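Q: So I've got this file, structure37.cif, and it contains mmCIF, C-alpha atoms and all ligand atoms:
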```cif
data_data
#
loop_
_atom_site.label_atom_id
_atom_site.label_comp_id
_atom_site.auth_asym_id
_atom_site.auth_seq_id
_atom_site.Cartn_x
_atom_site.Cartn_y
_atom_site.Cartn_z
CA MET A 1 -3.84 -11.72 5.17
CA ASN A 2 -0.35 -10.90 3.86
CA LYS A 3 0.93 -7.51 4.87
CA ILE A 4 4.19 -5.72 4.09
CA SER A 5 6.64 -5.47 6.97
CA ASN A 6 7.38 -2.20 8.75
CA GLN A 7 10.78 -2.36 7.07
CA VAL A 8 9.22 -2.34 3.59
CA PHE A 9 6.87 0.47 4.55
CA ALA A 10 9.84 2.48 5.87
CA ASP A 11 11.72 1.94 2.60
CA PHE A 12 8.61 3.08 0.70
CA LEU A 13 8.49 6.37 2.63
CA THR A 14 12.23 7.01 2.57
CA ASN A 15 13.41 5.86 -0.83
CA LYS A 16 10.52 5.77 -3.26
CA PRO A 17 9.69 8.62 -5.61
CA LEU A 18 6.30 10.20 -6.20
CA TYR A 19 3.58 7.96 -7.72
CA TYR A 20 5.41 4.81 -6.71
CA LYS A 21 2.95 2.03 -5.80
CA ILE A 22 3.28 -1.04 -3.65
CA LYS A 23 0.89 -3.86 -2.83
CA ALA A 24 0.61 -3.34 0.90
CA VAL A 25 -1.88 -6.08 1.80
CA GLU A 26 -3.01 -9.19 -0.01
CA ASN A 27 -5.95 -11.44 0.68
CA LEU A 28 -7.55 -9.07 3.18
CA LYS A 29 -10.87 -10.47 4.44
CA GLU A 30 -11.28 -9.16 7.96
CA PHE A 31 -10.72 -5.43 8.21
CA ASP A 32 -8.32 -4.41 10.89
CA ASN A 33 -6.77 -1.06 11.65
CA THR A 34 -3.28 -2.01 10.59
CA ALA A 35 -4.24 -2.87 7.00
CA PHE A 36 -4.01 0.63 5.44
CA VAL A 37 -7.81 0.72 5.01
CA ASP A 38 -8.15 3.84 7.14
CA ALA A 39 -5.80 6.56 8.37
CA PHE A 40 -4.80 4.59 11.46
CA GLY A 41 -2.95 2.03 9.38
CA PHE A 42 -0.36 4.70 8.65
CA LYS A 43 0.23 5.80 12.23
CA ASP A 44 3.29 5.25 14.49
CA LYS A 45 5.66 3.80 11.90
CA SER A 46 9.39 4.45 12.16
CA PHE A 47 11.62 5.26 9.23
CA LYS A 48 15.04 6.81 8.58
CA PHE A 49 15.00 10.10 6.76
CA PHE A 50 17.29 13.01 6.00
CA CYS A 51 16.22 15.71 8.47
CA PRO A 52 15.86 19.05 6.61
CA GLU A 53 16.60 20.96 9.84
CA GLU A 54 19.59 19.03 11.15
CA HIS A 55 20.99 18.03 7.74
CA GLU A 56 21.62 14.44 8.74
CA VAL A 57 19.73 11.17 8.71
CA GLN A 58 17.46 10.75 11.72
CA THR A 59 14.74 8.42 12.91
CA PHE A 60 11.27 9.72 12.05
CA LYS A 61 7.89 8.48 13.15
CA THR A 62 4.57 8.85 11.34
CA ASP A 63 1.64 10.72 12.83
CA LEU A 64 -1.76 11.81 11.50
CA VAL A 65 -2.82 15.37 10.82
CA GLU A 66 -6.46 14.90 11.67
CA SER A 67 -8.08 11.94 13.36
CA ALA A 68 -11.68 13.00 12.75
CA HIS A 69 -12.40 9.79 10.83
CA PRO A 70 -13.50 6.85 12.90
CA ARG A 71 -11.69 3.54 12.71
CA LEU A 72 -13.01 1.40 9.90
CA SER A 73 -13.25 -1.75 12.01
CA GLN A 74 -15.66 0.01 14.38
CA ILE A 75 -18.03 1.05 11.60
CA ILE A 76 -18.08 -2.40 10.12
CA THR A 77 -19.13 -4.09 13.33
CA SER A 78 -21.92 -1.56 13.89
CA ASN A 79 -23.37 -1.56 10.36
CA SER A 80 -21.83 -3.79 7.72
CA ASP A 81 -24.36 -3.09 4.95
CA GLU A 82 -23.52 0.55 4.68
CA LEU A 83 -20.60 1.56 2.43
CA PRO A 84 -17.79 2.87 4.72
CA TYR A 85 -16.63 6.45 4.26
CA SER A 86 -13.27 5.32 2.87
CA PHE A 87 -14.92 3.58 -0.10
CA ASP A 88 -15.85 5.46 -3.25
CA ALA A 89 -19.63 5.70 -3.80
CA LYS A 90 -19.32 5.17 -7.55
CA THR A 91 -16.67 2.45 -7.88
CA ARG A 92 -17.51 0.96 -4.45
CA LYS A 93 -13.78 0.36 -4.00
CA LEU A 94 -11.51 1.63 -1.25
CA ASP A 95 -10.08 5.02 -2.15
CA ILE A 96 -8.71 7.23 0.60
CA LYS A 97 -6.06 9.89 0.71
CA VAL A 98 -4.31 10.21 4.02
CA HIS A 99 -2.19 13.16 5.06
CA VAL A 100 0.66 11.57 7.03
CA LEU A 101 3.28 13.54 8.94
CA GLY A 102 6.79 12.25 9.41
CA VAL A 103 8.12 13.70 12.67
CA CYS A 104 11.85 13.81 13.39
CA GLN A 105 12.37 12.14 16.74
CA SER A 106 15.38 14.33 17.43
CA CYS A 107 14.20 17.89 16.60
CA LYS A 108 10.47 17.44 15.76
CA ALA A 109 10.90 18.74 12.19
CA LYS A 110 8.04 17.57 9.96
CA ILE A 111 7.78 16.03 6.50
CA ASP A 112 4.37 15.92 4.79
CA PHE A 113 3.27 12.86 2.85
CA LEU A 114 0.02 12.42 0.99
CA LEU A 115 -0.66 8.71 0.59
CA ARG A 116 -3.45 7.06 -1.33
CA SER A 117 -4.82 3.66 -0.50
CA THR A 118 -7.00 1.70 -2.95
CA SER A 119 -8.52 -1.78 -3.22
CA ASP A 120 -8.87 -4.05 -6.24
CA LYS A 121 -12.37 -5.23 -5.24
CA GLU A 122 -15.70 -3.66 -4.39
CA TRP A 123 -16.94 -3.50 -0.82
CA GLU A 124 -19.53 -6.20 -1.52
CA LYS A 125 -16.83 -8.64 -2.68
CA ARG A 126 -14.57 -8.16 0.35
CA LYS A 127 -15.13 -11.73 1.54
CA GLU A 128 -13.15 -12.98 -1.52
CA GLY A 129 -10.08 -11.23 -0.18
CA MET A 130 -8.87 -7.79 -1.23
CA THR A 131 -5.53 -6.48 -2.38
CA ILE A 132 -4.73 -3.06 -0.97
CA THR A 133 -2.29 -0.87 -2.90
CA ILE A 134 -0.69 2.22 -1.43
CA GLN A 135 0.82 5.02 -3.46
CA LYS A 136 2.77 8.17 -2.69
CA ILE A 137 0.91 11.08 -4.30
CA GLY A 138 2.50 13.97 -2.44
CA GLN A 139 5.61 14.81 -0.49
CA PHE A 140 6.92 18.07 0.97
CA PRO A 141 9.79 18.98 1.02
CA SER A 142 9.95 17.23 -2.32
CA TYR A 143 11.67 13.94 -2.89
CA GLU A 144 15.21 14.14 -4.12
CA ILE A 145 17.37 11.23 -5.13
CA GLY A 146 20.77 11.59 -3.58
CA LEU A 147 23.93 9.61 -3.03
CA ASN A 148 24.89 8.36 0.39
CA PRO A 149 27.83 10.17 2.07
CA THR A 150 30.32 7.36 1.25
CA LEU A 151 29.69 7.59 -2.51
CA LYS A 152 29.52 11.38 -2.45
CA LYS A 153 32.94 11.55 -0.86
CA TYR A 154 34.58 8.97 -3.08
CA LEU A 155 33.24 9.62 -6.58
CA ASN A 156 34.29 12.52 -8.78
CA ASN A 157 31.61 14.94 -10.00
CA GLU A 158 31.00 13.18 -13.29
CA ASP A 159 30.47 9.82 -11.62
CA GLN A 160 28.29 11.29 -8.90
CA SER A 161 26.09 12.55 -11.70
CA ASN A 162 26.18 9.16 -13.51
CA TYR A 163 25.35 7.35 -10.29
CA LYS A 164 22.45 9.66 -9.52
CA LYS A 165 21.03 9.12 -13.01
CA ALA A 166 21.31 5.36 -12.46
CA LEU A 167 19.31 5.65 -9.23
CA ILE A 168 16.67 7.80 -10.94
CA CYS A 169 16.34 5.15 -13.69
CA LEU A 170 16.07 2.44 -11.03
CA SER A 171 13.36 4.33 -9.16
CA ILE A 172 11.11 4.24 -12.23
CA SER A 173 12.23 0.72 -13.28
CA TYR A 174 14.23 1.83 -16.35
CA GLY A 175 16.67 -1.07 -15.96
CA ILE A 176 18.66 -0.66 -19.17
CA GLY A 177 19.36 2.99 -18.38
CA ALA A 178 20.39 2.21 -14.81
CA TYR A 179 22.72 -0.59 -15.91
CA ALA A 180 24.33 1.58 -18.58
CA TYR A 181 25.02 4.44 -16.16
CA LEU A 182 26.49 2.10 -13.53
CA ARG A 183 28.73 0.46 -16.13
CA ARG A 184 30.03 3.92 -16.94
CA VAL A 185 30.75 4.50 -13.24
CA ILE A 186 32.70 1.21 -13.02
CA GLU A 187 34.63 2.03 -16.20
CA ASN A 188 35.69 5.40 -14.80
CA GLU A 189 36.34 4.35 -11.22
CA ILE A 190 37.90 0.88 -11.39
CA LYS A 191 41.41 2.25 -11.97
CA ARG A 192 41.15 4.50 -8.95
CA ILE A 193 39.72 1.68 -6.83
CA ILE A 194 42.72 -0.49 -7.72
CA GLN A 195 45.12 2.41 -7.19
CA ASP A 196 43.65 2.88 -3.70
CA ILE A 197 43.93 -0.84 -2.96
CA ALA A 198 47.60 -0.75 -4.03
CA GLU A 199 48.23 1.90 -1.39
CA LEU A 200 46.77 -0.17 1.44
CA ASP A 201 48.90 -2.25 3.75
CA PHE A 202 48.27 -5.98 3.34
CA ASP A 203 49.92 -9.26 2.41
CA GLY A 204 50.72 -9.06 -1.30
CA ALA A 205 50.23 -5.29 -1.62
CA GLU A 206 53.64 -4.99 -3.30
CA PHE A 207 52.42 -7.22 -6.17
CA VAL A 208 49.42 -4.97 -6.74
CA ARG A 209 51.64 -1.88 -6.58
CA ARG A 210 54.01 -3.30 -9.17
CA ALA A 211 51.14 -4.41 -11.41
CA TYR A 212 49.65 -0.94 -11.17
CA GLU A 213 52.95 0.65 -12.21
CA ASN A 214 53.04 -1.67 -15.23
CA PHE A 215 49.45 -0.84 -16.07
CA LYS A 216 50.32 2.85 -16.22
CA MET A 217 52.65 1.97 -19.09
CA ASP A 218 50.84 -0.77 -21.03
CA PHE A 219 47.18 0.05 -20.12
CA GLN A 220 46.32 -3.64 -20.03
CA MET A 221 43.53 -3.80 -17.54
CA SER A 222 43.05 -7.57 -17.79
CA LYS A 223 46.65 -8.14 -16.63
CA LEU A 224 46.08 -5.87 -13.67
CA ILE A 225 42.85 -7.69 -12.81
CA ASP A 226 44.74 -11.02 -12.87
CA VAL A 227 47.08 -9.75 -10.17
CA ILE A 228 44.24 -8.24 -8.14
CA ASN A 229 42.58 -11.61 -8.40
CA GLN A 230 45.32 -13.17 -6.31
CA HIS A 231 46.11 -10.35 -3.92
CA LEU A 232 43.44 -8.53 -1.99
CA PRO A 233 43.08 -7.08 1.51
CA VAL A 234 41.34 -9.48 3.90
CA SER A 235 38.19 -7.35 4.11
CA LEU A 236 37.63 -7.71 0.36
CA LYS A 237 38.65 -11.38 0.29
CA GLU A 238 35.97 -12.49 2.77
CA LEU A 239 33.30 -12.61 0.06
CA GLY A 240 34.44 -15.88 -1.48
CA ASP A 241 34.55 -14.25 -4.91
CA ASN A 242 36.70 -11.39 -6.11
CA PRO A 243 34.52 -8.25 -6.09
CA ILE A 244 36.93 -6.21 -8.22
CA ARG A 245 37.04 -8.82 -10.97
CA LEU A 246 33.26 -9.16 -10.79
CA LEU A 247 32.84 -5.42 -11.26
CA TYR A 248 35.33 -5.43 -14.12
CA GLU A 249 33.49 -8.29 -15.84
CA GLN A 250 30.36 -6.16 -16.00
CA LEU A 251 32.11 -4.07 -18.64
CA SER A 252 32.45 -6.86 -21.18
CA GLY A 253 29.57 -7.79 -23.45
CA GLY A 254 26.71 -5.60 -24.57
CA ILE A 255 23.59 -4.40 -22.90
CA HIS A 256 21.35 -5.48 -25.78
CA GLU A 257 21.31 -9.12 -24.70
CA PHE A 258 19.51 -8.37 -21.42
CA THR A 259 15.86 -7.54 -20.76
CA ASP A 260 14.86 -4.49 -18.75
CA GLU A 261 14.12 -6.74 -15.75
CA GLN A 262 17.54 -8.44 -15.96
CA CYS A 263 19.17 -5.03 -16.13
CA ILE A 264 17.27 -3.91 -13.01
CA ASP A 265 18.66 -6.94 -11.13
CA LYS A 266 22.16 -6.30 -12.41
CA ALA A 267 22.03 -2.60 -11.57
CA GLU A 268 20.76 -3.30 -8.05
CA ASN A 269 23.53 -5.84 -7.49
CA ILE A 270 26.22 -3.50 -8.83
CA ASP A 271 24.88 -0.77 -6.55
CA ILE A 272 25.28 -3.03 -3.51
CA LEU A 273 28.72 -4.29 -4.51
CA LEU A 274 30.16 -0.87 -5.40
CA ASN A 275 28.96 0.52 -2.08
CA TYR A 276 30.57 -2.37 -0.24
CA VAL A 277 33.93 -2.12 -2.02
CA ILE A 278 34.19 1.64 -1.64
CA ARG A 279 33.19 1.48 2.03
CA LYS A 280 35.79 -1.21 2.76
CA ILE A 281 38.57 0.67 0.98
CA ASN A 282 37.69 3.85 2.86
CA GLU A 283 37.61 2.03 6.17
CA GLU A 284 41.03 0.48 5.62
CA LYS A 285 42.48 3.73 4.35
CA TYR A 286 41.30 5.78 7.31
CA GLN A 287 41.97 3.10 9.89
CA LEU A 288 45.50 2.92 8.55
CA ASN A 289 45.86 6.69 8.85
CA ASP A 290 44.46 6.63 12.37
CA VAL A 291 46.86 3.91 13.46
CA LYS A 292 49.81 5.70 11.85
CA LYS A 293 48.86 8.90 13.65
CA ALA A 294 48.50 7.03 16.94
CA MET A 295 51.94 5.47 16.50
CA GLN A 296 53.47 8.83 15.68
CA GLY A 297 51.79 10.30 18.73
CA LEU A 298 53.22 7.60 20.99
CA ARG A 299 56.68 8.04 19.55
CA GLN A 300 56.65 11.82 20.05
CA THR A 301 55.57 11.63 23.69
CA LYS A 302 58.19 9.06 24.56
ZN ZN B 1 15.56 16.60 13.01
#
```
What is this file in structure tokens?
A:
Amino acid sequence: MNKISNQVFADFLTNKPLYYKIKAVENLKEFDNTAFVDAFGFKDKSFKFFCPEEHEVQTFKTDLVESAHPRLSQIITSNSDELPYSFDAKTRKLDIKVHVLGVCQSCKAKIDFLLRSTSDKEWEKRKEGMTITIQKIGQFPSYEIGLNPTLKKYLNNEDQSNYKKALICLSISYGIGAYAYLRRVIENEIKRIIQDIAELDFDGAEFVRRAYENFKMDFQMSKLIDVINQHLPVSLKELGDNPIRLLYEQLSGGIHEFTDEQCIDKAENIDILLNYVIRKINEEKYQLNDVKKAMQGLRQTK
């Protein structure tokens, strides 16, 4: 039996929109309670979620609303000829809806999920190995795609909106849309990212500053990228490749040459890289401010 990890299940609860499906178990032959074939498979799982009461991300744990249904494994050992309650009498396939509660481990606030679990094979064919698919069919409070605090703080309103649209496209596998929106974000933000880098304190910063001043007059982005290519803060250099140039290169060429699937990959990679770059710049910026403040403080109390 191949089962999804707790990590994947957590991501499913936290980040996936309504009607999203995942193959939770493959090649299931022996029924056990962890295999999403009865309500107990959904119990006691941890996930991170935005707490509606505390307005911050907390650890949640799943619990069941009612546990009136017996465990499937117990029924099967007592009478294996009879169709279990979680299988549909007509299709003879697994089809249960489970009301799962997500409970905030900090304040006990609750999120309701309605999850559906189905099998590809009939009960009689279970020995051939079943695939179990789980799907989100209800969530309250409703699912809302949002940006993480780092992006929210850094991006202007227009790009927050572009970014959100990209994530919505990604959530329903509209790769071309997601890629196009993220390219727009890069196009709008790359100047500001470089401007922020120029203001950091690192070996070669003066070259970036000068190049940025020149750019403000000649608007030649490729020249600016050439300079950035040679001079970067250590935290952005560690990657082995230049992340700023890589982001910039996403803007050349058309979208038409890529399939939807290729665009999904590209969009997911841009999402990761943009988050990384913005986080690093923020860290350096604020660390620098903190150190400057600390130095000032020491000087004043001398
Ligand atoms: Zn809470």
Q: Residues of chain A that have any atom at most 10 Å from an atom of ligand ZN 1 (chain B): could you tabulate them with the shortest-distance atom pair and the distance in Å to one decimal, using all atoms listed in the file, ordered by chain and increasing number, as a Markdown table?
A:
```
| residue | atom | partner | partner_atom | distance |
| --- | --- | --- | --- | --- |
| A:Phe49 | CA | B:ZN1 | ZN | 9.0 |
| A:Phe50 | CA | B:ZN1 | ZN | 8.1 |
| A:Cys51 | CA | B:ZN1 | ZN | 4.7 |
| A:Pro52 | CA | B:ZN1 | ZN | 6.9 |
| A:Glu53 | CA | B:ZN1 | ZN | 5.5 |
| A:Glu54 | CA | B:ZN1 | ZN | 5.1 |
| A:His55 | CA | B:ZN1 | ZN | 7.7 |
| A:Glu56 | CA | B:ZN1 | ZN | 7.7 |
| A:Val57 | CA | B:ZN1 | ZN | 8.1 |
| A:Gln58 | CA | B:ZN1 | ZN | 6.3 |
| A:Thr59 | CA | B:ZN1 | ZN | 8.2 |
| A:Phe60 | CA | B:ZN1 | ZN | 8.2 |
| A:Val103 | CA | B:ZN1 | ZN | 8.0 |
| A:Cys104 | CA | B:ZN1 | ZN | 4.7 |
| A:Gln105 | CA | B:ZN1 | ZN | 6.6 |
| A:Ser106 | CA | B:ZN1 | ZN | 5.0 |
| A:Cys107 | CA | B:ZN1 | ZN | 4.0 |
| A:Lys108 | CA | B:ZN1 | ZN | 5.8 |
| A:Ala109 | CA | B:ZN1 | ZN | 5.2 |
| A:Lys110 | CA | B:ZN1 | ZN | 8.2 |
```
Q: Neighbouring residues of Glu268 (chain A) were defined as those with any atom within 10 Å, considering only C-alpha atoms; residues of the same chain fewer than 4 positions away were excluded. Please report them as an MDAnalysis selection string.
A: chainID A and resid 166:167 170 175 178:179 182 262:264 272:273
Q: Out of A:Asn2, A:Gln296, A:Asn229, A:Asn269, which residue has the shortest atom-to-atom distance to Ile194 (chain A) when counting all atoms listed in the file?
A: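 For Ile194 (chain A), the nearest of the given residues is A:Asn229.
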Q: Give me, as a PDB file with C-alpha atoms, keeping the file's coordinate frame, all polymer residues having an atom no more than 12 Å from Glu128 (chain A), counting all atoms listed in the file and skipping those fewer than 3 positions away in the same chain.
A:
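Ended up saving to selection_27.pdb:
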```pdb
ATOM      1  CA  MET A   1      -3.840 -11.720   5.170  1.00  0.00           C
ATOM      2  CA  GLU A  26      -3.010  -9.190  -0.010  1.00  0.00           C
ATOM      3  CA  ASN A  27      -5.950 -11.440   0.680  1.00  0.00           C
ATOM      4  CA  LEU A  28      -7.550  -9.070   3.180  1.00  0.00           C
ATOM      5  CA  LYS A  29     -10.870 -10.470   4.440  1.00  0.00           C
ATOM      6  CA  GLU A  30     -11.280  -9.160   7.960  1.00  0.00           C
ATOM      7  CA  ASP A 120      -8.870  -4.050  -6.240  1.00  0.00           C
ATOM      8  CA  LYS A 121     -12.370  -5.230  -5.240  1.00  0.00           C
ATOM      9  CA  GLU A 122     -15.700  -3.660  -4.390  1.00  0.00           C
ATOM     10  CA  TRP A 123     -16.940  -3.500  -0.820  1.00  0.00           C
ATOM     11  CA  GLU A 124     -19.530  -6.200  -1.520  1.00  0.00           C
ATOM     12  CA  LYS A 125     -16.830  -8.640  -2.680  1.00  0.00           C
ATOM     13  CA  THR A 131      -5.530  -6.480  -2.380  1.00  0.00           C
TER      14      THR A 131
END
```
Q: Counting all atoms listed in the file, which residue out of A:Arg192, A:Leu232, A:Asp63, A:Lys23 sits closest to Lys216 (chain A)?
A: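 Among A:Arg192, A:Leu232, A:Asp63, A:Lys23, it is A:Arg192 that comes nearest to Lys216 (chain A).
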Q: What's the 8 Å shell around Lys21 (chain A), counting only C-alpha atoms, without same-chain residues fewer than 2 positions away, as a list in words?
A: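 Final neighbour list, sorted by chain and number: Tyr19, Lys23, Thr133, Ile134, Gln135 and Lys136 of chain A.
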Q: Which one of A:Tyr85, A:Phe215, A:Phe9, A:Tyr143 sits closest to Phe36 (chain A) if you count only C-alpha atoms?
A: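 Closest to Phe36 (chain A) of all the choices is A:Phe9.
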Q: Would you pick out the contacts of Leu94 (chain A) at 6 Å or less, using only C-alpha atoms, so that residues sharing its chain but fewer than 6 positions from it are not included, and give the list as a ChimeraX atom specification?
A: /A:86-87,118-119
Q: Just the selected residues (C-alpha atoms), exported as a PDB file, in the coordinates of the input, please.
A:
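What landed in result_2.pdb:
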```pdb
ATOM      1  CA  SER A  86     -13.270   5.320   2.870  1.00  0.00           C
ATOM      2  CA  PHE A  87     -14.920   3.580  -0.100  1.00  0.00           C
ATOM      3  CA  THR A 118      -7.000   1.700  -2.950  1.00  0.00           C
ATOM      4  CA  SER A 119      -8.520  -1.780  -3.220  1.00  0.00           C
TER       5      SER A 119
END
```
Q: If I take CA of Ala89 (chain A) and CA of Lys45 (chain A), how far is one from the other in Å, to one decimal?
A: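 So the answer is 29.8 Å.
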Q: Between A:Leu114, A:Val8, A:Leu13, A:Ile278, single out the one closest to Lys152 (chain A), counting all atoms listed in the file.
A: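 That would be A:Ile278, the residue with the smallest distance to Lys152 (chain A).
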Q: Please compute the CA of Asn148 (chain A)-CA of Asn275 (chain A) distance, one decimal, in Å.
A: 9.2 Å
Q: Using all atoms listed in the file, pick whichever of A:Tyr276, A:Tyr154, A:Tyr248, A:Phe42 has the shortest atom-to-atom distance to Ile228 (chain A).
A: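 Residue with the minimum atom-to-atom distance to Ile228 (chain A): A:Tyr248.
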Q: List the neighbours of Leu147 (chain A) out to 10 Å using only C-alpha atoms; skip same-chain residues closer than 3 positions along the sequence, and give me the result as a compact mmCIF listing (two decimals) with C-alpha atoms, in the frame of the given file.
A:
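This went into part.txt:
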```txt
# COMPACT_ATOMS: atom_id res chain seq x y z
CA GLU A 144 15.21 14.14 -4.12
CA THR A 150 30.32 7.36 1.25
CA LEU A 151 29.69 7.59 -2.51
CA LYS A 152 29.52 11.38 -2.45
CA LYS A 153 32.94 11.55 -0.86
CA LEU A 155 33.24 9.62 -6.58
CA GLN A 160 28.29 11.29 -8.90
CA SER A 161 26.09 12.55 -11.70
CA TYR A 163 25.35 7.35 -10.29
CA LYS A 164 22.45 9.66 -9.52
CA LEU A 167 19.31 5.65 -9.23
```
Q: The residues within 9 Å of (40.3, -1.0, 5.5), using only C-alpha atoms and the coordinates of the file, should be reported as a PyMOL selection string; which are they?
A: chain A and resi 200-201+233-236+279-288
Q: Return as JSON the centre and edge lengths, in Å with one decimal, of the box along x, y and z that encloses every atom of region 101-112 of chain A in the file, padded by 6 Å per side.
A:
```
{"center_x": 9.3, "center_y": 15.4, "center_z": 11.1, "size_x": 24.1, "size_y": 18.6, "size_z": 24.6}
```
Q: My list of candidates is A:Gly102, A:Ile137, A:Ser173, A:Met295. Which is closest to Glu261 (chain A) when distances are computed with only C-alpha atoms?
A: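 Closest candidate: A:Ser173.
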